[in-house]
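Data from entry-v2.txt: compact mmCIF, C-alpha atoms
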# COMPACT_ATOMS: atom_id res chain seq x y z
CA MET X 251 0.00 0.00 0.00
CA SER X 252 2.03 2.90 -1.23
CA SER X 253 -0.66 5.29 -2.22
CA HIS X 254 -0.91 8.54 -0.35
CA PHE X 255 -2.18 12.01 -0.97
CA LEU X 256 -0.18 14.31 -3.18
CA GLY X 257 -1.78 17.69 -2.67
CA ASN X 258 -5.44 17.08 -3.33
CA SER X 259 -4.84 14.00 -5.42
CA CYS X 260 -4.21 10.38 -4.69
CA LEU X 261 -2.84 7.53 -6.78
CA ILE X 262 -4.95 4.42 -6.39
CA GLU X 263 -3.57 0.94 -6.87
CA ASN X 264 -6.05 -1.67 -5.79
CA VAL X 265 -9.46 -0.54 -6.90
CA TYR X 266 -11.11 -2.10 -9.93
CA ILE X 267 -14.38 -1.67 -11.74
CA ALA X 268 -16.24 -4.97 -11.85
CA SER X 269 -19.40 -3.97 -13.65
CA ALA X 270 -21.80 -1.17 -14.39
CA GLY X 271 -25.53 -0.97 -14.99
CA LEU X 272 -26.94 1.90 -17.03
CA THR X 273 -30.49 3.01 -17.60
CA ALA X 274 -31.59 6.14 -19.42
CA GLY X 275 -34.62 8.15 -20.45
CA MET X 276 -36.15 8.62 -23.87
CA VAL X 277 -34.15 11.64 -25.02
CA GLU X 278 -30.85 9.96 -24.10
CA ALA X 279 -32.03 6.82 -25.91
CA GLN X 280 -32.34 8.84 -29.13
CA GLY X 281 -28.86 10.29 -28.66
CA PRO X 282 -25.63 8.96 -30.15
CA LEU X 283 -25.02 6.64 -27.18
CA GLY X 284 -28.59 5.34 -27.05
CA GLN X 285 -27.67 1.79 -28.04
CA LYS X 286 -25.10 1.43 -25.28
CA PHE X 287 -27.48 1.58 -22.32
CA ASP X 288 -28.85 -1.56 -20.68
CA LYS X 289 -32.36 -0.24 -20.64
CA THR X 290 -34.20 2.86 -21.81
CA TYR X 291 -37.73 4.00 -21.10
CA GLU X 292 -40.49 5.35 -23.27
CA ASP X 293 -41.45 8.22 -21.01
CA HIS X 294 -40.33 10.03 -17.89
CA TYR X 295 -42.61 8.01 -15.64
CA CYS X 296 -40.78 4.73 -16.36
CA GLY X 297 -44.02 2.85 -15.67
CA GLU X 298 -44.57 4.49 -12.27
CA ASP X 299 -47.14 7.08 -11.29
CA SER X 300 -44.85 9.99 -10.43
CA PHE X 301 -41.57 11.33 -11.84
CA GLU X 302 -39.77 10.75 -8.53
CA LYS X 303 -40.89 7.11 -8.44
CA GLY X 304 -39.81 6.84 -12.07
CA GLU X 305 -36.32 8.04 -11.18
CA ARG X 306 -36.14 5.49 -8.36
CA LYS X 307 -37.26 2.75 -10.75
CA MET X 308 -34.46 3.70 -13.15
CA LEU X 309 -31.90 3.53 -10.37
CA GLN X 310 -33.24 0.18 -9.14
CA ASP X 311 -33.01 -1.22 -12.68
CA ALA X 312 -29.47 0.10 -13.08
CA LEU X 313 -28.49 -1.55 -9.80
CA ASN X 314 -30.06 -4.84 -10.90
CA PHE X 315 -28.13 -4.81 -14.18
CA CYS X 316 -24.90 -3.98 -12.37
CA LEU X 317 -25.26 -6.81 -9.84
CA GLN X 318 -26.48 -9.25 -12.47
CA LYS X 319 -23.42 -8.64 -14.65
CA ALA X 320 -21.08 -9.21 -11.72
CA LYS X 321 -23.14 -12.21 -10.55
CA LYS X 322 -23.62 -10.67 -7.13
CA LYS X 323 -26.59 -10.34 -4.82
CA ASP X 324 -27.41 -7.01 -3.20
CA LYS X 325 -26.54 -8.54 0.19
CA ASP X 326 -22.96 -9.24 -0.97
CA ILE X 327 -22.12 -5.57 -1.17
CA ASP X 328 -20.33 -4.00 1.79
CA LEU X 329 -21.45 -0.45 1.21
CA TYR X 330 -23.60 1.58 -1.14
CA ILE X 331 -22.69 5.19 -1.86
CA GLY X 332 -25.44 7.06 -3.61
CA SER X 333 -25.74 10.51 -5.09
CA ASP X 334 -28.74 12.15 -6.71
CA LEU X 335 -30.02 15.66 -7.22
CA LEU X 336 -33.19 15.71 -5.17
CA ASN X 337 -33.60 17.29 -1.76
CA GLN X 338 -32.56 14.93 1.04
CA ASN X 339 -31.23 12.54 -1.62
CA VAL X 340 -34.62 10.88 -1.68
CA THR X 341 -33.98 8.72 -4.72
CA VAL X 342 -31.14 6.88 -3.03
CA SER X 343 -32.66 6.79 0.47
CA TYR X 344 -36.00 5.43 -0.68
CA LEU X 345 -34.33 2.84 -2.88
CA MET X 346 -32.06 1.70 -0.05
CA ARG X 347 -35.07 1.02 2.20
CA ASN X 348 -35.40 -2.29 0.40
CA ILE X 349 -31.75 -3.28 0.67
CA ALA X 350 -30.61 -4.08 4.15
CA ARG X 351 -27.02 -2.95 3.66
CA PRO X 352 -25.10 0.13 4.84
CA ALA X 353 -25.60 3.14 2.64
CA PHE X 354 -24.13 6.64 2.42
CA ASN X 355 -25.85 9.49 0.68
CA VAL X 356 -23.47 12.04 -0.70
CA TYR X 357 -24.39 15.28 -2.38
CA GLY X 358 -22.16 17.00 -4.87
CA ALA X 359 -24.83 18.07 -7.37
CA CYS X 360 -23.79 16.90 -10.82
CA SER X 361 -20.32 15.91 -9.60
CA GLY X 362 -21.97 12.92 -7.86
CA PHE X 363 -20.45 10.35 -10.19
CA ALA X 364 -16.80 11.24 -9.55
CA LEU X 365 -17.50 12.08 -5.91
CA SER X 366 -19.11 8.75 -5.03
CA ASN X 367 -16.55 6.74 -6.97
CA ALA X 368 -13.65 8.69 -5.45
CA LEU X 369 -14.99 7.99 -1.97
CA ALA X 370 -15.51 4.34 -2.78
CA ALA X 371 -11.99 4.11 -4.19
CA LEU X 372 -10.48 5.61 -1.04
CA LEU X 373 -12.38 3.21 1.21
CA ILE X 374 -11.37 0.16 -0.80
CA GLU X 375 -7.80 1.37 -1.22
CA GLY X 376 -7.59 1.85 2.54
CA GLN X 377 -8.59 -1.81 2.90
CA CYS X 378 -11.59 -0.84 4.96
CA ILE X 379 -13.97 -2.77 2.76
CA ASP X 380 -13.92 -5.09 -0.22
CA ASN X 381 -16.59 -3.83 -2.52
CA VAL X 382 -18.80 -0.80 -2.99
CA VAL X 383 -21.65 -0.05 -5.32
CA THR X 384 -21.98 3.60 -6.27
CA LEU X 385 -25.41 4.77 -7.33
CA VAL X 386 -25.91 7.92 -9.37
CA SER X 387 -29.13 9.22 -10.83
CA SER X 388 -30.75 12.33 -12.22
CA HIS X 389 -34.07 12.92 -13.92
CA ASN X 390 -35.07 15.84 -16.11
CA ALA X 391 -38.58 16.35 -14.76
CA THR X 392 -37.72 16.01 -11.05
CA ALA X 393 -34.57 18.14 -11.22
CA GLU X 394 -36.15 20.90 -13.29
CA ARG X 395 -39.02 21.06 -10.81
CA GLN X 396 -36.66 21.35 -7.89
CA TYR X 397 -34.05 23.73 -9.26
CA ARG X 398 -35.88 25.82 -11.83
CA PHE X 399 -39.50 25.43 -12.86
CA PRO X 400 -41.71 22.36 -13.21
CA VAL X 401 -41.63 21.05 -16.77
CA GLU X 402 -45.44 21.27 -17.00
CA TYR X 403 -45.24 25.01 -16.27
CA GLY X 404 -43.91 25.26 -19.81
CA ILE X 405 -41.50 28.14 -19.28
CA GLN X 406 -39.48 29.45 -22.21
CA LYS X 407 -35.93 28.24 -21.75
CA LYS X 408 -33.00 30.57 -22.24
CA ASP X 409 -30.27 29.75 -24.71
CA THR X 410 -27.73 29.21 -21.97
CA THR X 411 -29.83 26.49 -20.34
CA THR X 412 -28.58 22.95 -20.11
CA PHE X 413 -30.80 19.89 -20.23
CA THR X 414 -30.78 17.65 -17.16
CA ALA X 415 -30.03 14.13 -18.30
CA THR X 416 -32.45 11.39 -17.32
CA GLY X 417 -30.61 8.27 -16.34
CA ALA X 418 -29.13 6.16 -13.59
CA VAL X 419 -25.84 4.37 -13.26
CA ALA X 420 -24.74 1.78 -10.74
CA THR X 421 -21.05 0.88 -10.66
CA LEU X 422 -19.46 -1.93 -8.70
CA LEU X 423 -15.96 -1.20 -7.43
CA THR X 424 -13.96 -3.97 -5.85
CA ASN X 425 -10.48 -4.94 -4.70
CA LYS X 426 -10.53 -8.07 -6.92
CA PRO X 427 -8.55 -7.37 -10.11
CA THR X 428 -10.52 -6.84 -13.33
CA ASN X 429 -9.60 -5.28 -16.67
CA ILE X 430 -10.15 -1.71 -15.62
CA LYS X 431 -8.89 0.07 -12.56
CA VAL X 432 -9.43 3.36 -10.88
CA GLU X 433 -6.02 4.91 -11.31
CA SER X 434 -6.15 8.21 -9.47
CA ILE X 435 -8.52 10.69 -7.95
CA THR X 436 -8.46 14.41 -7.30
CA LEU X 437 -10.79 15.93 -4.75
CA GLY X 438 -12.20 19.26 -5.79
CA ARG X 439 -12.32 22.55 -3.99
CA ILE X 440 -15.43 24.68 -3.91
CA ILE X 441 -15.01 27.60 -6.27
CA ASP X 442 -17.36 30.55 -6.64
CA TYR X 443 -16.91 32.88 -9.58
CA LYS X 444 -19.86 35.03 -8.54
CA GLN X 445 -22.24 33.74 -11.15
CA ASN X 446 -25.86 33.78 -10.02
CA ASP X 447 -27.91 32.69 -13.01
CA PRO X 448 -29.37 29.19 -12.47
CA ASN X 449 -30.00 29.06 -16.22
CA ASP X 450 -26.31 29.24 -17.04
CA MET X 451 -24.73 26.44 -15.05
CA GLY X 452 -22.10 25.58 -17.63
CA ARG X 453 -20.20 28.84 -17.32
CA ALA X 454 -20.58 28.83 -13.53
CA MET X 455 -18.90 25.43 -13.30
CA ALA X 456 -16.07 25.96 -15.78
CA PRO X 457 -13.75 27.66 -13.23
CA ALA X 458 -14.22 24.74 -10.81
CA ALA X 459 -13.40 22.26 -13.57
CA TYR X 460 -10.33 24.32 -14.46
CA ASP X 461 -9.17 24.37 -10.85
CA THR X 462 -9.54 20.61 -10.42
CA LEU X 463 -7.85 19.89 -13.76
CA MET X 464 -4.88 22.10 -12.95
CA THR X 465 -4.63 20.68 -9.43
CA HIS X 466 -4.69 17.16 -10.82
CA PHE X 467 -1.97 17.89 -13.37
CA HIS X 468 0.12 19.74 -10.82
CA ASP X 469 -0.21 17.13 -8.04
CA LEU X 470 0.58 14.17 -10.26
CA ASN X 471 2.94 16.04 -12.57
CA ARG X 472 0.89 15.22 -15.62
CA GLY X 473 -0.71 16.98 -18.56
CA PHE X 474 -3.34 16.37 -21.20
CA ASP X 475 -0.89 14.17 -23.08
CA ASP X 476 -0.91 11.59 -20.30
CA TYR X 477 -4.50 10.77 -21.13
CA ASP X 478 -6.20 9.42 -24.23
CA GLN X 479 -9.17 11.54 -23.37
CA VAL X 480 -10.05 14.13 -20.77
CA VAL X 481 -13.73 14.87 -20.24
CA THR X 482 -15.59 17.28 -18.03
CA GLY X 483 -18.97 16.31 -16.64
CA ASP X 484 -21.64 18.70 -17.79
CA LEU X 485 -20.24 22.07 -18.78
CA SER X 486 -22.00 21.77 -22.14
CA GLN X 487 -21.23 24.07 -25.04
CA TYR X 488 -20.82 27.45 -23.35
CA GLY X 489 -18.95 26.07 -20.34
CA HIS X 490 -16.82 23.88 -22.57
CA GLU X 491 -15.81 26.92 -24.63
CA LEU X 492 -15.10 28.95 -21.50
CA LEU X 493 -12.85 26.22 -20.10
CA LYS X 494 -10.96 26.06 -23.40
CA GLU X 495 -10.46 29.83 -23.23
CA MET X 496 -9.17 29.53 -19.67
CA LEU X 497 -6.75 26.83 -20.77
CA ALA X 498 -5.69 28.90 -23.78
CA GLN X 499 -4.64 31.69 -21.42
CA LYS X 500 -2.14 29.21 -19.98
CA LYS X 501 -1.11 28.33 -23.55
CA ILE X 502 -2.70 24.92 -23.30
CA TYR X 503 -4.60 23.82 -26.42
CA PRO X 504 -5.74 20.24 -25.75
CA LYS X 505 -6.97 18.12 -28.66
CA ASN X 506 -8.23 15.33 -26.45
CA TYR X 507 -10.60 17.35 -24.33
CA ASP X 508 -14.38 17.06 -24.58
CA ASP X 509 -17.46 17.41 -22.43
CA CYS X 510 -19.94 14.68 -21.50
CA GLY X 511 -22.83 17.14 -21.91
CA CYS X 512 -21.87 17.49 -25.58
CA LEU X 513 -21.28 13.75 -26.09
CA LEU X 514 -24.51 12.42 -24.58
CA TYR X 515 -26.73 14.17 -27.11
CA ASP X 516 -26.68 15.13 -30.73
CA ILE X 517 -26.71 18.79 -29.76
CA HIS X 518 -27.51 20.15 -33.20
CA ASN X 519 -30.47 17.90 -33.88
CA GLN X 520 -31.85 17.21 -30.42
CA ASP X 521 -33.71 19.84 -28.46
CA VAL X 522 -31.32 20.02 -25.52
CA PHE X 523 -30.17 23.67 -25.63
CA GLN X 524 -26.46 23.77 -24.68
CA GLY X 525 -26.24 20.04 -23.94
CA GLY X 526 -26.68 17.69 -21.05
CA SER X 527 -26.21 18.22 -17.34
CA GLY X 528 -27.04 16.33 -14.17
CA CYS X 529 -25.35 13.53 -12.22
CA ALA X 530 -26.31 11.01 -14.86
CA CYS X 531 -24.65 12.97 -17.65
CA SER X 532 -21.00 12.24 -16.78
CA ALA X 533 -21.96 8.82 -15.39
CA LEU X 534 -23.76 7.64 -18.53
CA VAL X 535 -21.07 8.84 -20.91
CA SER X 536 -18.18 7.53 -18.78
CA MET X 537 -19.66 4.13 -18.08
CA SER X 538 -20.93 3.51 -21.62
CA TYR X 539 -18.71 5.19 -24.20
CA PHE X 540 -15.41 5.41 -22.31
CA TYR X 541 -15.83 2.18 -20.37
CA GLU X 542 -16.35 0.39 -23.67
CA LYS X 543 -13.31 2.06 -25.26
CA LEU X 544 -11.20 1.00 -22.28
CA LEU X 545 -12.54 -2.55 -22.37
CA ASN X 546 -11.69 -2.75 -26.08
CA LYS X 547 -8.30 -1.22 -25.32
CA GLU X 548 -8.91 1.57 -27.81
CA MET X 549 -8.03 3.91 -24.97
CA LYS X 550 -5.58 3.32 -22.17
CA ARG X 551 -6.37 6.02 -19.68
CA VAL X 552 -9.14 8.57 -19.37
CA LEU X 553 -9.70 11.39 -16.93
CA ILE X 554 -13.26 12.22 -15.91
CA VAL X 555 -13.85 15.54 -14.21
CA SER X 556 -17.44 15.61 -12.97
CA THR X 557 -18.60 19.14 -12.34
CA GLY X 558 -21.32 20.20 -9.95
CA ALA X 559 -23.10 23.50 -9.40
CA LEU X 560 -24.00 23.54 -5.73
CA LEU X 561 -27.11 25.56 -6.37
CA SER X 562 -30.06 25.88 -4.05
CA PRO X 563 -33.16 27.78 -5.20
CA MET X 564 -33.46 29.27 -1.70
CA MET X 565 -30.00 30.80 -2.03
CA THR X 566 -30.63 32.14 -5.53
CA PHE X 567 -33.86 33.75 -4.27
CA GLN X 568 -31.68 35.49 -1.69
CA LYS X 569 -29.49 36.73 -4.57
CA GLU X 570 -26.54 34.56 -3.56
CA THR X 571 -24.07 33.34 -6.16
CA ILE X 572 -23.57 29.70 -7.06
CA PRO X 573 -20.57 27.83 -5.65
CA CYS X 574 -19.33 25.00 -7.84
CA VAL X 575 -17.14 21.97 -7.39
CA ALA X 576 -15.44 19.41 -9.61
CA HIS X 577 -13.99 16.05 -8.64
CA ALA X 578 -11.77 14.01 -10.92
CA ILE X 579 -11.27 10.31 -11.30
CA SER X 580 -9.09 8.55 -13.84
CA LEU X 581 -9.71 5.07 -15.20
CA GLU X 582 -7.02 2.92 -16.73
CA VAL X 583 -6.76 -0.38 -18.54
CA VAL X 584 -5.00 -3.04 -16.47
CA GLU X 585 -2.11 -4.45 -18.48
CA MET F 190 -59.77 48.04 -38.37
CA ASN F 191 -60.65 47.13 -34.76
CA TYR F 192 -59.15 43.70 -35.22
CA LEU F 193 -55.95 45.15 -36.55
CA LEU F 194 -55.68 47.68 -33.72
CA ALA F 195 -56.33 45.00 -31.12
CA PHE F 196 -53.71 42.79 -32.72
CA LEU F 197 -51.14 45.58 -32.82
CA PHE F 198 -51.54 46.70 -29.23
CA SER F 199 -51.66 43.23 -27.73
CA GLY F 200 -48.70 42.19 -29.85
CA PHE F 201 -46.81 45.29 -28.75
CA VAL F 202 -47.30 44.42 -25.08
CA CYS F 203 -46.11 40.85 -25.72
CA LEU F 204 -43.11 42.13 -27.67
CA ILE F 205 -42.03 44.28 -24.72
CA ALA F 206 -42.47 41.34 -22.35
CA GLN F 207 -40.40 39.06 -24.59
CA LEU F 208 -37.65 41.67 -24.88
CA ILE F 209 -37.54 42.09 -21.10
CA TYR F 210 -37.39 38.30 -20.67
CA GLU F 211 -34.56 37.84 -23.12
CA LYS F 212 -32.47 40.86 -22.26
CA THR F 213 -32.70 40.80 -18.47
CA LYS F 214 -32.59 38.19 -15.74
CA LEU F 215 -36.22 38.83 -14.75
CA THR F 216 -38.42 35.73 -14.60
CA PRO F 217 -41.92 35.51 -16.13
CA GLY F 218 -43.27 36.03 -12.59
CA HIS F 219 -41.45 39.35 -12.31
CA ILE F 220 -42.62 40.49 -15.73
CA CYS F 221 -46.21 39.51 -15.01
CA SER F 222 -46.26 41.51 -11.74
CA LEU F 223 -44.51 44.42 -13.43
CA PHE F 224 -47.21 44.60 -16.10
CA VAL F 225 -50.00 44.46 -13.53
CA VAL F 226 -48.41 47.41 -11.73
CA ILE F 227 -47.94 49.31 -15.00
CA GLY F 228 -51.60 48.68 -15.87
CA SER F 229 -52.81 50.06 -12.58
CA PHE F 230 -50.54 53.09 -12.87
CA LEU F 231 -51.89 53.81 -16.31
CA ASP F 232 -55.31 54.25 -14.73
CA LEU F 233 -53.91 57.59 -13.60
CA PHE F 234 -55.71 60.30 -15.63
CA HIS F 235 -57.68 57.40 -17.20
CA ILE F 236 -54.91 56.68 -19.68
CA TYR F 237 -55.74 52.99 -19.76
CA ASP F 238 -59.43 53.74 -20.31
CA GLN F 239 -58.43 55.69 -23.38
CA LEU F 240 -56.33 52.77 -24.57
CA VAL F 241 -59.29 50.42 -24.13
CA LYS F 242 -61.46 52.80 -26.16
CA ILE F 243 -58.99 52.79 -29.02
CA PHE F 244 -57.72 49.21 -28.99
CA HIS F 245 -60.71 47.41 -27.46
CA ALA F 246 -59.91 43.75 -26.74
CA GLY F 247 -56.26 44.42 -27.59
CA ALA F 248 -55.99 46.40 -24.36
CA LEU F 249 -58.30 44.17 -22.32
CA ILE F 250 -56.63 40.83 -22.97
CA PRO F 251 -53.02 41.45 -21.77
CA ILE F 252 -52.25 41.21 -18.05
CA THR F 253 -51.94 45.02 -17.86
CA SER F 254 -55.74 45.12 -17.98
CA PHE F 255 -55.78 43.09 -14.75
CA GLY F 256 -53.96 45.91 -12.97
CA HIS F 257 -56.34 48.40 -14.51
CA SER F 258 -59.36 46.40 -13.26
CA LEU F 259 -57.86 46.09 -9.76
CA MET F 260 -57.54 49.86 -9.66
CA HIS F 261 -61.06 50.44 -10.94
CA GLY F 262 -62.56 48.06 -8.37
CA ALA F 263 -60.62 49.70 -5.56
CA MET F 264 -61.53 53.22 -6.65
CA ALA F 265 -65.22 52.40 -7.01
CA ALA F 266 -65.40 50.93 -3.50
CA THR F 267 -63.51 53.94 -2.11
CA GLN F 268 -66.30 56.21 -3.26
CA GLN F 269 -68.69 54.22 -1.11
CA TYR F 270 -66.64 53.19 1.92
CA GLY F 271 -63.78 55.65 2.04
CA ILE F 272 -60.17 54.51 2.45
CA PHE F 273 -61.14 50.94 3.44
CA GLY F 274 -62.74 50.56 0.06
CA ILE F 275 -59.26 49.98 -1.39
CA ALA F 276 -59.12 46.62 0.36
CA MET F 277 -62.82 45.84 0.00
CA GLY F 278 -63.19 46.59 -3.68
CA MET F 279 -59.77 45.60 -5.00
CA PHE F 280 -60.89 42.25 -6.37
CA ASP F 281 -64.49 43.14 -7.26
CA LEU F 282 -63.96 43.33 -11.00
CA THR F 283 -61.32 40.65 -11.22
CA ALA F 284 -63.13 38.06 -9.09
CA ALA F 285 -64.53 36.31 -12.15
CA GLY F 286 -61.08 36.03 -13.71
CA ILE F 287 -59.46 34.69 -10.55
CA SER F 288 -62.27 32.22 -9.84
CA ALA F 289 -62.18 30.99 -13.43
CA ALA F 290 -58.42 30.45 -13.20
CA ILE F 291 -58.82 28.38 -10.04
CA LEU F 292 -61.78 26.40 -11.35
CA PHE F 293 -60.25 25.59 -14.73
CA SER F 294 -56.86 24.67 -13.25
CA PHE F 295 -58.69 22.31 -10.93
CA LEU F 296 -60.64 20.72 -13.78
CA VAL F 297 -57.56 20.36 -15.98
CA ALA F 298 -55.56 18.89 -13.10
CA ILE F 299 -58.25 16.24 -12.60
CA ILE F 300 -58.42 15.23 -16.24
CA PHE F 301 -54.83 15.42 -17.43
CA LYS F 302 -51.49 14.09 -16.27
CA PRO F 303 -48.41 16.15 -17.11
CA LYS F 304 -46.21 14.66 -19.80
CA SER F 305 -42.52 15.08 -19.78

For this file, produce the structure as structure tokens.
Amino acid sequence: MSSHFLGNSCLIENVYIASAGLTAGMVEAQGPLGQKFDKTYEDHYCGEDSFEKGERKMLQDALNFCLQKAKKKDKDIDLYIGSDLLNQNVTVSYLMRNIARPAFNVYGACSGFALSNALAALLIEGQCIDNVVTLVSSHNATAERQYRFPVEYGIQKKDTTTFTATGAVATLLTNKPTNIKVESITLGRIIDYKQNDPNDMGRAMAPAAYDTLMTHFHDLNRGFDDYDQVVTGDLSQYGHELLKEMLAQKKIYPKNYDDCGCLLYDIHNQDVFQGGSGCACSALVSMSYFYEKLLNKEMKRVLIVSTGALLSPMMTFQKETIPCVAHAISLEVVE
Amino acid sequence: MNYLLAFLFSGFVCLIAQLIYEKTKLTPGHICSLFVVIGSFLDLFHIYDQLVKIFHAGALIPITSFGHSLMHGAMAATQQYGIFGIAMGMFDLTAAGISAAILFSFLVAIIFKPKS
């Protein structure tokens, strides 16, 4: 066990990804990655009678696929770490009522994917536990209702808006070697660039993504060239451009940088404004597209920087700005 | 001619609202309240009454007319009851509109389920 913290980052040696289950909503199903999900649904209710129950159903299905692929039962898992966007993390809590195993709820807004997996990696690396399932979900109708306006209110969206992805991802991390490992993590700092428009999350989060990226490169003495691909979670078009501008000021012009919000949808033909956002956005893209590339050995190492706008409607009503955070996790093929 | 005038005025009000929405950070709620206040202010010197005479439905349909009606109701009751009339008569003329909004929302909520 040689791993230790270098600044805000940590090299991880004994944490592997055993399986992942992915479910997604109808808009994601029509997107370029639509065929890669285990299950997609025809509407936002997912066969339930409310949007919140629909989100829970998606997460339950994702968990079932994940456990099924790894041939595990839900009782075999030491710990569940779940992250969703709703108040009091209700999606995860209500799902975990049915599974009599320890569960943590963590909240990092849309950075939930990297946050929960980073925590899981640290716990496994520290030999505290053997396996962890991380649960991540977001749902367009429930998140819009909570953070902006209910979808049925039919408000005109501004151009800067991002589209909350509907989907759920369950990932099983273990200390038993598999083909893909968690290679390093960087824990993000909370950054506030005094942006207060809840309809322009991408540009609010870009500085946080920049900070985490630079910290990661500095701590581990790396650069963009050390990765086949670097992706941010859900900056979407405007945020993506802003981050590129920030990098350009440091004379960094990466060719292998993209954003999950732009990859999840066909932005020009689908009605998703600036692109995707939400916990599920980075999770779906990472665990479908990049996971597959790693499994096929088309890529060796990818860095995923999940970004989260820690926005609360109550605080925006009080004219507060929006603090943001980004956590990074890198995945690597085991040789 | 009346149709055209109504169309032009109502469209003009909507155009201003859309411009405010796109160029500022105000929400539709802010804009709606703002227009109600403007409508009631325009009752000063009966400006809005003149507008209604010229543009007919064009001036009665937008939300500004709601403010104008609030003011009219309040003023009418003031003549009868003095200062307390402001509170007593405020919703006299708009009661039908408010009740209809509540009733129809209720009916629609019973029949339909929101799609995504």

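Distance check against F:Ala266 using all atoms listed in the file: of F:Met190, F:Leu282, F:Val241, F:Val202, the minimum falls on F:Leu282.
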
Could you name the residues that touch F:Asp281 at 10 Å or less, counting only C-alpha atoms, but leaving out those on the same chain fewer than 4 positions away, as a PyMOL selection string?
-> chain F and resi 258-263+265-266+276-277+285

Would you work out the distance separating atom CA of X:Val342 from atom CA of X:His577, expressed in Å to one decimal?
-> 20.2 Å

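Here is the contact set of chain X against chain F, at 9 Å and counting all atoms listed in the file: Asp293, His294, Tyr295, Phe301, Asn390, Ala391, Val401, Glu402, Ile405, Gln406, Lys408 and Asp447 of chain X.
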
Could you check how far atom CA of X:Arg453 sits from atom CA of X:Ser532, in Å to one decimal?
-> 16.6 Å

Excluding X:Lys325 and residues on its chain fewer than 2 positions from it, collect all residues at most 8 Å away from it, counting all atoms listed in the file, and give them as a PDB file with C-alpha atoms, keeping the file's coordinate frame.
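Printed below is part.pdb as written:
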ATOM      1  CA  LYS X 323     -26.590 -10.340  -4.820  1.00  0.00           C
ATOM      2  CA  ILE X 327     -22.120  -5.570  -1.170  1.00  0.00           C
ATOM      3  CA  ASP X 328     -20.330  -4.000   1.790  1.00  0.00           C
ATOM      4  CA  ILE X 349     -31.750  -3.280   0.670  1.00  0.00           C
ATOM      5  CA  ALA X 350     -30.610  -4.080   4.150  1.00  0.00           C
ATOM      6  CA  ARG X 351     -27.020  -2.950   3.660  1.00  0.00           C
TER       7      ARG X 351
END

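Distances here use all atoms listed in the file; by that measure, the residue among X:Gly438, X:Gly297, X:Gly473, X:Gly284 closest to X:Val552 is X:Gly473.
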
Go through F:Ile252, F:Leu204, F:Ala298, F:Ile287 and flag the residue nearest F:Leu223, using only C-alpha atoms for the distances.
-> F:Ile252

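Coordinates place atom CA of X:Gly511 at a distance of 9.1 Å from atom CA of X:His490.
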
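Summary of the local environment: counting all atoms listed in the file, residues at most 8 Å from X:Ala270, other than itself and those fewer than 6 positions away along its chain, are Ala312, Phe315, Cys316, Lys319, Val419, Ala420, Thr421, Leu422 and Met537 of chain X.
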
Excluding X:Leu373 and residues on its chain fewer than 3 positions from it, collect all residues at most 12 Å away from it, counting all atoms listed in the file, and give them as JSON, numbers by chain.
-> {"X": [262, 264, 265, 328, 329, 330, 331, 366, 367, 368, 369, 370, 376, 377, 378, 379, 380, 381, 382, 383, 423, 424, 425]}

May I have the centre and edge lengths, in Å to one decimal, of an axis-aligned box around the listed atoms of stretch 271-275 of chain X with 8 Å added to every side, as lines of an AutoDock Vina configuration file?
center_x = -30.1
center_y = 3.6
center_z = -17.7
size_x = 25.1
size_y = 25.1
size_z = 21.5

Write out as an MDAnalysis selection string each polymer residue whose atoms come within 12 Å of F:Gly256, counting all atoms listed in the file; drop sequence neighbours fewer than 2 positions from it.
-> chainID F and resid 221:233 237 248:254 258:263 279:280 282:283

For F:His257, the closest of F:Ile275, F:Ile236, F:Ile220, F:Leu296 counting all atoms listed in the file is F:Ile236
